[in-house]
$ cat start26.txt   # compact mmCIF, C-alpha atoms
# COMPACT_ATOMS: atom_id res chain seq x y z
CA MET A 1 64.08 38.08 -66.63
CA SER A 2 62.11 40.23 -68.98
CA SER A 3 61.04 39.86 -72.54
CA TYR A 4 58.77 41.98 -74.60
CA SER A 5 55.60 41.67 -76.58
CA ARG A 6 55.50 43.62 -79.79
CA ASN A 7 51.75 43.07 -79.97
CA SER A 8 50.73 44.48 -76.61
CA ARG A 9 53.77 46.72 -75.96
CA LYS A 10 53.95 45.40 -72.39
CA PRO A 11 56.56 43.19 -70.76
CA ILE A 12 55.45 39.55 -70.90
CA GLN A 13 56.71 36.06 -70.22
CA ALA A 14 60.41 35.78 -70.70
CA LEU A 15 62.37 34.05 -73.38
CA GLN A 16 66.02 34.49 -72.80
CA LEU A 17 68.42 32.02 -74.22
CA ALA A 18 71.59 31.82 -72.23
CA LEU A 19 74.30 30.54 -74.47
CA ALA A 20 76.20 27.83 -72.67
CA ALA A 21 79.78 28.53 -71.81
CA ALA A 22 80.57 25.29 -73.62
CA LEU A 23 79.27 26.88 -76.80
CA LEU A 24 81.10 30.13 -76.25
CA ALA A 25 84.20 29.61 -74.21
CA GLY A 26 85.24 26.07 -73.58
CA SER A 27 84.22 22.95 -71.78
CA ALA A 28 81.13 22.05 -69.77
CA ALA A 29 83.34 21.91 -66.69
CA HIS A 30 84.20 25.55 -67.26
CA ALA A 31 80.45 26.31 -67.49
CA ALA A 32 79.95 25.00 -63.97
CA ASP A 33 82.71 27.30 -62.70
CA GLU A 34 81.62 30.34 -64.72
CA PRO A 35 77.99 31.44 -64.18
CA ARG A 36 78.39 34.51 -66.41
CA THR A 37 77.23 33.51 -69.87
CA PHE A 38 76.00 35.59 -72.75
CA GLU A 39 72.29 35.87 -73.22
CA LEU A 40 70.20 36.23 -76.36
CA THR A 41 66.70 37.61 -75.92
CA ALA A 42 63.79 36.96 -78.28
CA PHE A 43 60.10 37.78 -78.43
CA SER A 44 58.23 34.72 -77.16
CA ASN A 45 54.93 35.81 -78.71
CA GLY A 46 56.49 36.70 -82.05
CA LYS A 47 56.88 34.53 -85.10
CA GLY A 48 59.07 31.53 -84.26
CA GLY A 49 58.85 32.34 -80.54
CA THR A 50 57.20 29.06 -79.58
CA ALA A 51 59.93 27.06 -81.31
CA LEU A 52 62.62 29.20 -79.67
CA VAL A 53 61.02 28.66 -76.23
CA SER A 54 61.02 24.91 -76.75
CA GLY A 55 64.64 24.90 -77.97
CA ASP A 56 63.68 23.72 -81.45
CA TYR A 57 65.92 26.21 -83.23
CA ASN A 58 65.73 24.57 -86.65
CA SER A 59 61.93 24.83 -86.57
CA ALA A 60 62.29 28.46 -85.51
CA VAL A 61 64.55 29.10 -88.50
CA ARG A 62 61.99 27.50 -90.82
CA ALA A 63 59.12 29.51 -89.29
CA LEU A 64 61.14 32.72 -89.60
CA SER A 65 62.23 32.13 -93.19
CA THR A 66 59.08 33.62 -94.71
CA HIS A 67 58.83 37.29 -95.64
CA VAL A 68 57.08 39.53 -93.12
CA ASN A 69 55.75 43.06 -93.58
CA GLY A 70 54.30 45.51 -91.13
CA LEU A 71 54.67 46.15 -87.45
CA ASP A 72 56.00 42.69 -86.61
CA ALA A 73 59.02 42.94 -88.91
CA ASP A 74 61.30 44.16 -86.12
CA SER A 75 60.33 41.37 -83.72
CA VAL A 76 60.77 38.86 -86.56
CA ASN A 77 64.27 40.17 -87.27
CA THR A 78 65.09 39.97 -83.57
CA ASN A 79 63.90 36.35 -83.44
CA ARG A 80 65.77 35.61 -86.68
CA CYS A 81 68.92 37.05 -85.15
CA VAL A 82 68.58 34.75 -82.14
CA ALA A 83 67.72 31.66 -84.21
CA TYR A 84 70.56 32.20 -86.68
CA VAL A 85 73.11 32.90 -83.95
CA VAL A 86 72.15 29.76 -82.04
CA THR A 87 72.24 27.63 -85.20
CA ARG A 88 75.52 29.30 -86.23
CA GLN A 89 74.30 30.55 -89.59
CA ILE A 90 76.84 33.34 -89.52
CA GLU A 91 75.94 35.44 -92.57
CA ALA A 92 72.19 35.11 -91.98
CA ALA A 93 72.74 36.06 -88.33
CA ARG A 94 74.77 39.12 -89.32
CA ILE A 95 72.01 40.31 -91.64
CA ALA A 96 69.17 39.61 -89.19
CA CYS A 97 70.95 41.21 -86.23
CA ASN A 98 71.76 44.33 -88.27
CA GLU A 99 68.16 44.51 -89.51
CA ALA A 100 66.81 44.14 -85.95
CA VAL A 101 68.90 47.14 -84.86
CA ARG A 102 67.86 49.16 -87.92
CA ASP A 103 64.18 48.29 -87.42
CA ALA A 104 64.25 49.31 -83.75
CA GLN A 105 66.00 52.58 -84.59
CA GLN A 106 63.39 53.34 -87.25
CA GLN A 107 60.54 52.58 -84.86
CA ILE A 108 61.89 55.12 -82.38
CA SER A 109 62.63 57.80 -84.97
CA SER A 110 59.21 57.49 -86.60
CA MET A 111 57.26 57.51 -83.33
CA PRO A 112 54.89 60.48 -83.10
CA ILE A 113 55.22 62.84 -80.15
CA SER A 114 51.82 61.67 -78.90
CA MET A 115 53.33 58.22 -78.31
CA SER A 116 56.14 59.49 -76.06
CA PHE A 117 54.77 57.33 -73.21
CA ALA A 118 55.85 54.25 -75.19
CA ARG A 119 59.41 55.45 -75.87
CA SER A 120 60.89 53.52 -72.95
CA ASP A 121 59.54 50.25 -74.36
CA TYR A 122 61.02 51.07 -77.75
CA ARG A 123 64.36 51.99 -76.17
CA ASP A 124 64.32 48.58 -74.47
CA TYR A 125 63.67 46.96 -77.87
CA LEU A 126 66.62 48.84 -79.34
CA ALA A 127 68.82 47.83 -76.40
CA LEU A 128 67.70 44.23 -76.90
CA ALA A 129 68.70 44.37 -80.59
CA TYR A 130 72.10 45.88 -79.73
CA SER A 131 72.64 43.31 -76.98
CA ASN A 132 71.80 40.38 -79.27
CA ARG A 133 74.09 41.78 -81.97
CA ALA A 134 76.84 42.11 -79.37
CA VAL A 135 76.56 38.39 -78.60
CA PHE A 136 76.75 37.64 -82.32
CA ASN A 137 79.81 39.90 -82.67
CA TRP A 138 81.52 38.24 -79.75
CA MET A 139 80.84 34.79 -81.20
CA SER A 140 82.31 36.07 -84.48
CA ASN A 141 85.50 37.03 -82.62
CA ASP A 142 84.85 40.75 -82.99
CA THR A 143 85.25 41.85 -79.39
CA ALA A 144 85.51 45.54 -80.31
CA ALA A 145 82.13 45.46 -82.09
CA ALA A 146 80.60 43.52 -79.19
CA GLN A 147 81.87 46.14 -76.73
CA SER A 148 80.56 48.94 -78.94
CA ASP A 149 77.09 47.39 -79.21
CA LEU A 150 76.88 46.76 -75.47
CA LYS A 151 77.93 50.35 -74.80
CA LYS A 152 75.12 51.54 -77.11
CA ALA A 153 72.65 49.17 -75.45
CA ALA A 154 73.60 50.46 -72.00
CA ALA A 155 73.26 54.06 -73.16
CA VAL A 156 69.78 53.41 -74.55
CA ALA A 157 68.46 51.31 -71.65
CA PRO A 158 70.83 51.64 -68.68
CA LYS A 159 68.58 49.63 -66.33
CA ALA A 160 67.96 46.68 -68.67
CA GLU A 161 69.01 43.48 -66.91
CA PHE A 162 69.83 41.60 -70.12
CA VAL A 163 72.32 44.32 -71.06
CA ALA A 164 73.97 44.21 -67.64
CA ARG A 165 74.28 40.42 -67.83
CA ASN A 166 75.92 40.60 -71.27
CA VAL A 167 78.29 43.36 -70.16
CA THR A 168 79.32 41.15 -67.22
CA ALA A 169 79.70 38.15 -69.53
CA LEU A 170 81.84 40.13 -71.96
CA GLN A 171 84.07 41.40 -69.16
CA SER A 172 84.50 37.93 -67.66
CA HIS A 173 85.01 36.18 -71.00
CA SER A 174 86.99 38.72 -72.96
CA THR A 175 90.33 37.13 -72.12
CA VAL A 176 89.00 33.58 -72.34
CA ALA A 177 87.36 34.28 -75.68
CA GLN A 178 90.63 35.11 -77.32
CA VAL A 179 92.20 31.94 -76.00
CA SER A 180 89.60 29.20 -76.05
CA VAL A 181 86.65 29.86 -78.33
CA ALA A 182 85.02 26.61 -79.36
CA PRO A 183 85.39 25.85 -83.09
CA LYS A 184 82.41 26.68 -85.25
CA ARG A 185 80.53 23.69 -86.63
$ encode --input "start26.txt" --output "structure tokens"
Amino acid sequence: MSSYSRNSRKPIQALQLALAAALLAGSAAHAADEPRTFELTAFSNGKGGTALVSGDYNSAVRALSTHVNGLDADSVNTNRCVAYVVTRQIEAARIACNEAVRDAQQQISSMPISMSFARSDYRDYLALAYSNRAVFNWMSNDTAAAQSDLKKAAAVAPKAEFVARNVTALQSHSTVAQVSVAPKR
């Protein structure tokens, strides 16, 4: 598992939230049979990261509800995306996930040539944002958008494990998702 630190620009301790198959595609019994679940990835050292690590998603939402400027805005939007998806705040999740993608794209496009050594990290951040948005899209019953986002994530960071896991989950759940998505609360 890998997660990223926006502060140090180096891979750090992981925070990946595997969404249970019970949440996404049916019963807990099905979860035991189906190890391929979607995965949301957040920044553990970013705002709200501690609450996300501990599974206290409502506290994460509260911590992430304040306005943030500067370099940490993209990691905050990524963590917001994760928190809102997990707590099923659909419109807030849509906005945060879109903003996380936009922020990561802007970071790459505004990077000076002298920082080209850091481009791979930023491509991983963009892939992470696309991958998280794909999970949101799938949960919103938009399989085409989920497939599109995962294709973009794989193009940006073809070796990223979290992308590969979500591609596998989408392929294994695509039929199930149309048949037995758990009702939204």
$ closest_residue --input "start26.txt" --among "A:Ile113, A:Ala145, A:Ala60, A:Ala104" --to "Ala129 of chain A" --atoms "all atoms listed in the file"
A:Ala104
$ closest_residue --input "start26.txt" --among "A:Val76, A:Val85, A:Leu170, A:Leu64" --to "Gly46 of chain A" --atoms "all atoms listed in the file"
A:Val76
$ residues_around --input "start26.txt" --residues "segment 118-128 of chain A" --least-positions-apart "3" --cutoff "10 Å" --atoms "only C-alpha atoms" --output "ChimeraX atom specification"
/A:3-6,9-11,40-43,74-75,78,100-109,111-115,131-134,149-160,162-163
$ closest_residue --input "start26.txt" --among "A:Gln171, A:Asn141, A:Asn79, A:Ser110" --to "Ala51 of chain A" --atoms "all atoms listed in the file"
A:Asn79
$ atom_distance --input "start26.txt" --atom1 "atom CA of Ala146 of chain A" --atom2 "atom CA of Asn77 of chain A"
18.5 Å
$ atom_distance --input "start26.txt" --atom1 "atom CA of Ile95 of chain A" --atom2 "atom CA of Ser172 of chain A"
27.1 Å
$ closest_residue --input "start26.txt" --among "A:Val61, A:Cys97, A:Ala144, A:Val53" --to "Ala83 of chain A" --atoms "all atoms listed in the file"
A:Val61
$ atom_distance --input "start26.txt" --atom1 "atom CA of Arg165 of chain A" --atom2 "atom CA of Tyr130 of chain A"
13.3 Å
$ closest_residue --input "start26.txt" --among "A:Ser148, A:Thr87, A:Ser140, A:Ser44" --to "Ser59 of chain A" --atoms "only C-alpha atoms"
A:Thr87
$ axis_aligned_box --input "start26.txt" --around "segment 75-83 of chain A" --padding-each-side "4 Å" --output "JSON"
{"center_x": 64.6, "center_y": 36.5, "center_z": -84.7, "size_x": 16.6, "size_y": 17.7, "size_z": 13.1}
